[in-house]
Structures are given as structure tokens and as C-alpha cells.
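Heads up: the structure comes next, in C-alpha cells.
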Amino acid sequence: MTEKNYRKWFEQCRFGLFIHWGLYAMRSAHEWQQSFDKMPTGEYEKLYFNRFEPDLYDPVQWAETARSAGMKYVVFTAKHHDGFCMWDTKYTDFNSMKAPLCRRDLIGEAVTAFRNAGIKIGIYYSLPDWHHPNYVIDARHPLRDNKVERDYLPYREFLHNQVMELMQKYSPDILWFDGDYPDTRHIWDAEELNRKIREANPDILVNRLPGFSDFLSPEQNIPDGNDNMVCWEGCQVFRGSAWGYNRDDDHCKSSKEIVQMLIRHVSKGGNLLLNVGPDARGNFPETMTERLLEVGKWMRLHSRAVYNCTMAPAGIIPPQDCHYTWNPETARLYLHLFSYPDRRVRLCGINAEDVEYAQLLNDASFLALGVAEDRININGAVDQAGSLIVNLPVKQPDVAVPVVELFMKRK
């Protein structure tokens with residue numbers, strides 16, 4: 001697989017959905033709660049496994065919500081650190097098909113629904129597994145107070161077998177690993193696992209497999225710069241700080257905040273992978289669905305300022321409270337206005353002869369251009385006279401973030 005091939009679809013998508021869902025939704029606190037509570041495997045299984053009943057799970061509705069929001073790929077947790085498997089795996093009975101009140105291949109249903117909606121499939125797989133009797137008792141294990149030595153080689157075989165099973169069953173576009181730490185890195189045999197994965201599908205994207213990742217995934221932050229055009233996505237939560245369902249966390253991002261967050265990611269050459277934690281019955285939080293549909297209204301009018309876009313060419317500095325995205329194939333530059341200036345905005349680093357035409361993207365209405373006659377200091381640099389002035393309408397467009405589309409002259 002060449003670098004160009006994997007970037008072609010991944011960096012065109014720009015907007016994805018992360019789904020953290022498993023038994024931990026029943027605890028309604030945090031996906032790491034078993035570790036925090038130091039709860040033994042048997043107790044955890046007895047309390048949650050036999051009562052897991054996702055009777056309202058409707059992956060078709062989930063996929064339609066994601067599609068309506070403008071999301072182009074999904075990453076679905078097949079197994080988190082608690083070891084519970086959301087598919088019909090033959091390597092452990094601790095799975096959704098064997099859960100007495102579930103009896104469903106939850107991953108299989110999701111893959112079918114999201115693929116039918118035209119959405120690329122990513123599968124998240126936890127490298128640690130607190131349920132497996134041969135997984136090492138490390139500093140994060142629920143049994144860490146009773147640490148004993150374990151032979152991890154049977155777990156390594158189990159891990160490799162499950163990963164290949166996921167590939168064979170579902171042919172994912174992305175394998176998204178998690179939970180690698182320096183003190184457990186020797187367990188995975190990442191080199192051999194990577195060889196098997198690439199042999200089975202040379203075009204798959206692999207993430208967070210130590211030493212063999214195709215892109216970066218910073219959590220809860222956006223890199224300062226991307227001068228080397230590193231392939232990356234930012235993982236962001238919709239509410240609070242936990243990735244799984246938490247009924248007591250009322251802090252939810254607004255649709256405007258989500259749109260602005262998406263723009264910030266794309267303006268630095270990255271994707272936004274936005275997380276949602278469904279509840280134990282299989283419901284998306286109602287607020288999340290509402291906000292995603294609102295984001296979808298903005299995306300319907302502004303998606304061409306997101307898909308296929310990246311950071312602006314070097315030397316083009318955005319005005320205050322604004323961000324640029326750039327489509328190098330169409331030579332169109334997009335100015336995202338986080339605050340609406342009074343009638344005009346000065347585009348430092350862009351001259352009138354650089355631009356053929358300007359319009360508001362939401363309705364394709366013409367915008368008149370002018371030329372600045374004065375010099376100003378911006379971010380410590382002097383912007384000479386002659387830079388472009390875009391004249392805006394008095395009334396701000398009724399959209400979350402107005403966008404000016406600039407048709408640049410090809411050089």
C-alpha cells in the first residue's frame with residue numbers, strides 16, 4: 001500500500017464517528033470503571049454479562065444519523081479493556097452472542113448497516129484484556145493489588161487469532177488498536193501481527209499498533225501545526241471526559257461547537273473523529289442525535305469546505321477568529337468566520353490578483369472584493385498594502401459558521 005492510496009480516501013473523508021459501547025455502558029460511569037473499582041472478572045461478569053439486554057439497538061438508525069451528519073467513516077469498539085467482545089467470536093464465550101439477553105452479533109449488524117449507508121468501517125480492538133486469564137496483571141489491571149506472574153504467550157495467540165477473525169468476518173477499512181503501554185509492549189508481537197494483517201489486506205489502515213501505525217490519533221487535543229503533512233485524526237468526546245455512556249454527565253457540545261471543532265481539525269490537515277457513548281439498551285443519547293442532525297444541516301451547505309480539504313498554503317494567515325481550509329484540486333480557499341466582522345474582512349497574504357471570484361458558500365451569493373491601502377501588523381509580521389478585502393453583507397447568514405469561498409487563480 002502506498003502512502004498516496006491510503007490518504008486518498010482517509011484524508012478526503014475528514015469527519016468520522018467513534019462509538020464506545022459495551023458492558024461498561026451498564027455501569028454508566030466510565031469505560032475504565034472496572035479498573036477504577038478493582039472489580040474482579042467474575043464479579044464483573046456476574047453483575048453485567050447476564051443482564052446485558054440491548055433491545056433498542058438499531059444500527060440502521062445509527063448509520064442514518066451518521067450519514068445525515070456528513071460523517072464518512074465509523075470506528076466501532078469490538079472489544080474494550082474489559083475483554084467483552086461485541087461479535088460472535090469463537091475464541092471466548094465472553095461475547096454478545098453468548099450473553100443470554102442479547103444473543104446478537106452487534107459488530108456484524110453495525111458493519112452491514114454502516115456499509116449500506118456508504119460509510120467506511122473501522123474496528124477498534126483493545127490490546128489489553130482484563131478478562132483473559134493469561135493477560136498480565138499490570139498497573140492498570142483490576143487485580144493489580146494481587147499481582148502474580150502470568151504466562152502471556154497464550155494471550156498473544158488469542159489476540160492474534162481474534163484480530164484475524166475480525167478481518168476475515170468483516171473486512172474492515174481500519175483496524176484501530178488501543179491500550180499499548182511501554183510495560184506491556186513485549187506482549188503483542190506487533191511486528192508479526194502487522195505482517196499477518198498486511199498479508200490479509202495490503203490496503204487496510206492500521207492505527208496505534210506500536211511501530212506500524214498509518215496515522216496519528218491525538219485524544220482531546222489538536223496539534224499546533226502539521227508542516228510535515230502527517231496523516232492524523234483528532235479523537236474528541238461529545239460530552240464530558242468519558243468515552244463510554246455516563247448518564248450523570250450533562251455537559252454536551254453544541255452543534256456550533258462541533259462544527260467549529262471540525263473546521264479546526266481540517267484547517268490543520270486532520271480529521272475529526274467524534275465520539276458517542278450509547279446507553280446499555282442501545283440508544284444514542286437523544287441530545288447527541290439532535291446535535292448531529294444540526295451539524296448535518298451545516299454540512300449539507302458547506303461540505304465542500306471540509307471534504308478533500310486541508311490546511312491553507314504556507315504564508316496565508318487567517319484573520320482573527322477565522323480559519324482557512326483549502327482544496328488543492330479545485331484551487332478553492334475557504335474562509336470560516338467564527339465571529340462576523342463589520343462589513344469587511346482583510347485577507348493578509350492574499351492579493352487581489354490571486355483571486356478570481358468570491359462568494360458566500362451557503363447560498364453562492366456574490367461578494368465584492370477590494371484592495372487594502374494601508375499597512376498593518378499582524379502576528380508580528382507586516383502586511384503590506386494591496387492585500388485583499390472581502391466585503392460582507394450586513395446581515396450574517398443564518399448558519400452555525402459562515403464560509404467565504406474564494407476561487408483562486410492557478411499558478
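Just so we're on the same page: first chain in the C-alpha cells is A, next is B, and so on; residues restart at 1 for each chain, and ligands are numbered from 1 in the order they show up.
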
Considering only C-alpha atoms, return as a VMD selection string whatever protein or nucleic-acid residues lie within 12 Å of region 386-394 of chain A, sequence-local ones (same chain, fewer than 2 positions apart) excluded.
-> chain A and resid 316 to 317 319 335 337 340 to 360 365 to 376 382 to 384 396 to 397 402 to 406

Exercise: Asn134 (chain A) partners within 10 Å, only C-alpha atoms, chain neighbours under 3 positions left out, as a list of chain:residue names | A:Asp129, A:Trp130, A:His131, A:Ile137, A:Glu149, A:Arg150, A:Asp151, A:Tyr152, A:Leu153, A:Pro154, A:Tyr155, A:Arg156, A:Phe158

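The list of residues with at least one atom within 7 Å of region 35-40 of chain A, based on only C-alpha atoms and without residues fewer than 4 positions apart in the same chain, reads A:Tyr44, A:Arg140, A:His141, A:Pro142, A:Leu143.
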
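Running DSSP on the backbone gives helix (DSSP H, G or I) for these residues within region 126-167 of chain A: Arg144, Asp145, Asn146, Leu153, Pro154, Tyr155, Arg156, Glu157, Phe158, Leu159, His160, Asn161, Gln162, Val163, Met164, Glu165, Leu166 and Met167 of chain A.
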
Restricting the output to N, CA and C atoms, write the selected residues as a compact mmCIF listing (two decimals), in the first residue's frame.
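The file below, again.txt, is the result:
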```txt
# COMPACT_ATOMS: atom_id res chain seq x y z
N ARG A 144 -4.67 -5.57 40.23
CA ARG A 144 -3.29 -5.12 40.42
C ARG A 144 -2.80 -5.21 41.87
N ASP A 145 -3.71 -5.25 42.85
CA ASP A 145 -3.29 -5.37 44.25
C ASP A 145 -2.84 -6.79 44.59
N ASN A 146 -3.20 -7.76 43.73
CA ASN A 146 -2.81 -9.16 43.95
C ASN A 146 -1.99 -9.65 42.76
N LEU A 153 1.97 -15.83 26.71
CA LEU A 153 2.02 -16.35 25.34
C LEU A 153 0.65 -16.87 24.87
N PRO A 154 -0.12 -17.58 25.71
CA PRO A 154 -1.46 -17.96 25.25
C PRO A 154 -2.34 -16.75 24.94
N TYR A 155 -2.14 -15.65 25.68
CA TYR A 155 -2.92 -14.46 25.37
C TYR A 155 -2.49 -13.86 24.02
N ARG A 156 -1.20 -13.86 23.74
CA ARG A 156 -0.74 -13.36 22.45
C ARG A 156 -1.40 -14.13 21.31
N GLU A 157 -1.46 -15.44 21.44
CA GLU A 157 -2.09 -16.26 20.40
C GLU A 157 -3.57 -15.90 20.27
N PHE A 158 -4.24 -15.75 21.41
CA PHE A 158 -5.65 -15.36 21.44
C PHE A 158 -5.85 -14.02 20.72
N LEU A 159 -5.01 -13.04 21.04
CA LEU A 159 -5.10 -11.71 20.44
C LEU A 159 -4.96 -11.79 18.92
N HIS A 160 -3.93 -12.47 18.44
CA HIS A 160 -3.70 -12.60 17.00
C HIS A 160 -4.89 -13.30 16.33
N ASN A 161 -5.37 -14.36 16.98
CA ASN A 161 -6.50 -15.09 16.40
C ASN A 161 -7.74 -14.21 16.28
N GLN A 162 -8.01 -13.42 17.31
CA GLN A 162 -9.20 -12.58 17.26
C GLN A 162 -9.08 -11.48 16.21
N VAL A 163 -7.91 -10.88 16.10
CA VAL A 163 -7.73 -9.83 15.10
C VAL A 163 -7.95 -10.38 13.70
N MET A 164 -7.39 -11.54 13.42
CA MET A 164 -7.57 -12.12 12.10
C MET A 164 -9.01 -12.56 11.88
N GLU A 165 -9.67 -12.99 12.94
CA GLU A 165 -11.09 -13.34 12.84
C GLU A 165 -11.92 -12.11 12.45
N LEU A 166 -11.64 -10.97 13.07
CA LEU A 166 -12.35 -9.74 12.74
C LEU A 166 -12.12 -9.36 11.27
N MET A 167 -10.91 -9.53 10.81
CA MET A 167 -10.61 -9.20 9.42
C MET A 167 -11.36 -10.12 8.47
```

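Near region 209-221 of chain A, within 6 Å and counting only C-alpha atoms, sit Phe177, Cys231, Trp232, Glu233, Gly234, Cys235 and Gln236 of chain A; same-chain residues fewer than 5 positions away were not included.
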
Considering only C-alpha atoms, tabulate each residue of region 233-315 of chain A that lies at most 12 Å from region 57-68 of chain A along with its nearest interatomic pair and the corresponding distance in Å to one decimal; arrange the rows by chain and ascending residue number and present them as a tab-separated table.
```
residue	atom	partner	partner_atom	distance
A:Leu273	CA	A:Ala66	CA	11.6
A:Leu274	CA	A:Ala66	CA	10.4
A:Asn275	CA	A:Ala66	CA	11.3
A:Val276	CA	A:Trp62	CA	10.6
A:Gly277	CA	A:Trp62	CA	11.8
A:Pro278	CA	A:Tyr57	CA	9.1
A:Asp279	CA	A:Tyr57	CA	9.4
A:Ala280	CA	A:Tyr57	CA	8.9
A:Arg281	CA	A:Tyr57	CA	6.4
A:Gly282	CA	A:Tyr57	CA	4.0
A:Asn283	CA	A:Tyr57	CA	6.3
A:Phe284	CA	A:Trp62	CA	7.5
A:Pro285	CA	A:Trp62	CA	10.9
A:Glu286	CA	A:Thr65	CA	11.2
A:Met288	CA	A:Thr65	CA	9.7
A:Thr289	CA	A:Thr65	CA	6.7
A:Glu290	CA	A:Thr65	CA	9.2
A:Arg291	CA	A:Thr65	CA	10.1
A:Leu292	CA	A:Thr65	CA	7.0
A:Leu293	CA	A:Ser68	CA	6.3
A:Glu294	CA	A:Ser68	CA	9.2
A:Val295	CA	A:Ser68	CA	8.6
A:Gly296	CA	A:Ser68	CA	5.4
A:Lys297	CA	A:Ser68	CA	8.2
A:Trp298	CA	A:Ser68	CA	10.5
A:Met299	CA	A:Ser68	CA	8.8
A:Arg300	CA	A:Ser68	CA	8.6
A:Ser303	CA	A:Ser68	CA	11.8
```

Those same residues - N, CA and C atoms - I'd like them written as a CSV table (one decimal), in the first residue's frame.
```csv
chain,number,residue,atom,x,y,z
A,273,LEU,N,-12.6,12.7,14.6
A,273,LEU,CA,-13.3,11.5,14.9
A,273,LEU,C,-14.1,11.8,16.2
A,274,LEU,N,-15.4,12.0,16.1
A,274,LEU,CA,-16.2,12.5,17.2
A,274,LEU,C,-16.9,11.3,17.9
A,275,ASN,N,-16.7,11.2,19.2
A,275,ASN,CA,-17.1,10.0,20.0
A,275,ASN,C,-18.6,10.2,20.5
A,276,VAL,N,-19.3,9.1,20.5
A,276,VAL,CA,-20.5,9.0,21.2
A,276,VAL,C,-20.6,7.7,22.0
A,277,GLY,N,-21.2,7.7,23.2
A,277,GLY,CA,-21.3,6.5,24.0
A,277,GLY,C,-22.8,6.1,24.2
A,278,PRO,N,-23.3,5.2,23.4
A,278,PRO,CA,-24.7,4.8,23.5
A,278,PRO,C,-24.9,4.2,24.9
A,279,ASP,N,-26.2,4.2,25.3
A,279,ASP,CA,-26.5,3.6,26.6
A,279,ASP,C,-26.7,2.1,26.5
A,280,ALA,N,-26.9,1.4,27.6
A,280,ALA,CA,-26.9,-0.1,27.6
A,280,ALA,C,-28.0,-0.7,26.8
A,281,ARG,N,-29.1,0.0,26.5
A,281,ARG,CA,-30.2,-0.5,25.7
A,281,ARG,C,-29.9,-0.3,24.2
A,282,GLY,N,-28.9,0.4,23.9
A,282,GLY,CA,-28.6,0.7,22.5
A,282,GLY,C,-29.1,2.0,22.0
A,283,ASN,N,-29.4,2.9,22.8
A,283,ASN,CA,-29.8,4.2,22.4
A,283,ASN,C,-28.7,5.2,22.2
A,284,PHE,N,-28.6,5.9,21.1
A,284,PHE,CA,-27.8,7.1,21.1
A,284,PHE,C,-28.4,8.1,22.1
A,285,PRO,N,-27.6,8.8,22.8
A,285,PRO,CA,-28.2,9.9,23.6
A,285,PRO,C,-29.0,10.8,22.7
A,286,GLU,N,-30.2,11.2,23.1
A,286,GLU,CA,-31.1,12.0,22.3
A,286,GLU,C,-30.5,13.3,21.9
A,288,MET,N,-27.3,13.9,21.5
A,288,MET,CA,-26.3,13.7,20.5
A,288,MET,C,-26.9,13.6,19.1
A,289,THR,N,-28.0,12.8,19.0
A,289,THR,CA,-28.7,12.7,17.7
A,289,THR,C,-29.2,14.1,17.2
A,290,GLU,N,-29.8,14.9,18.1
A,290,GLU,CA,-30.2,16.2,17.7
A,290,GLU,C,-29.1,17.1,17.2
A,291,ARG,N,-28.0,17.0,17.9
A,291,ARG,CA,-26.8,17.9,17.6
A,291,ARG,C,-26.2,17.4,16.2
A,292,LEU,N,-26.1,16.1,16.1
A,292,LEU,CA,-25.5,15.6,14.8
A,292,LEU,C,-26.4,16.0,13.6
A,293,LEU,N,-27.7,16.0,13.8
A,293,LEU,CA,-28.6,16.3,12.7
A,293,LEU,C,-28.5,17.8,12.4
A,294,GLU,N,-28.2,18.6,13.4
A,294,GLU,CA,-28.0,20.1,13.2
A,294,GLU,C,-26.7,20.3,12.5
A,295,VAL,N,-25.6,19.5,12.9
A,295,VAL,CA,-24.4,19.6,12.2
A,295,VAL,C,-24.6,19.2,10.7
A,296,GLY,N,-25.4,18.2,10.5
A,296,GLY,CA,-25.7,17.8,9.1
A,296,GLY,C,-26.3,18.9,8.2
A,297,LYS,N,-27.1,19.8,8.9
A,297,LYS,CA,-27.7,20.9,8.1
A,297,LYS,C,-26.6,21.9,7.6
A,298,TRP,N,-25.6,22.1,8.5
A,298,TRP,CA,-24.5,22.9,8.1
A,298,TRP,C,-23.6,22.2,7.0
A,299,MET,N,-23.4,20.9,7.2
A,299,MET,CA,-22.6,20.2,6.2
A,299,MET,C,-23.3,20.1,4.9
A,300,ARG,N,-24.6,20.1,4.8
A,300,ARG,CA,-25.3,20.0,3.5
A,300,ARG,C,-24.9,21.2,2.7
A,303,SER,N,-20.2,21.3,2.9
A,303,SER,CA,-19.3,20.1,2.9
A,303,SER,C,-18.1,20.2,2.0
```

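The space separating CA of Gln320 (chain A) from CA of Cys252 (chain A) comes to 26.3 Å.
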
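The space separating CA of Tyr124 (chain A) from CA of Lys268 (chain A) comes to 24.7 Å.
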
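CA of Ile107 (chain A) sits 8.5 Å away from CA of Tyr170 (chain A).
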
I'd like the neighbourhood of Glu257 (chain A) as a short mmCIF file (atom, residue, chain, number, x, y, z; two decimals) with C-alpha atoms, in the first residue's frame, where a residue qualifies if any of its atoms comes within 10 Å (using only C-alpha atoms), though same-chain residues fewer than 2 positions away should be ignored.
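Below is the file result35.cif, written as the result:
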```
data_model
loop_
_atom_site.label_atom_id
_atom_site.label_comp_id
_atom_site.auth_asym_id
_atom_site.auth_seq_id
_atom_site.Cartn_x
_atom_site.Cartn_y
_atom_site.Cartn_z
CA PHE A 238 -19.16 14.75 22.58
CA CYS A 252 -22.70 18.33 25.84
CA LYS A 253 -21.06 20.19 23.00
CA SER A 254 -23.41 22.33 20.95
CA SER A 255 -23.77 21.81 17.22
CA VAL A 259 -18.80 22.48 13.55
CA GLN A 260 -16.03 24.76 14.82
CA MET A 261 -14.08 21.76 16.11
CA LEU A 262 -14.39 20.05 12.72
CA ILE A 263 -13.12 23.18 10.96
CA ARG A 291 -26.83 17.88 17.57
CA VAL A 295 -24.35 19.59 12.16
CA ALA A 400 -23.53 27.98 12.52
CA VAL A 401 -20.35 29.23 10.81
#
```

List the neighbours of Lys98 (chain A) out to 12 Å using only C-alpha atoms; skip same-chain residues closer than 2 positions along the sequence, and give me the result as a PyMOL selection string.
-> chain A and resi 49-53+84-96+100-106
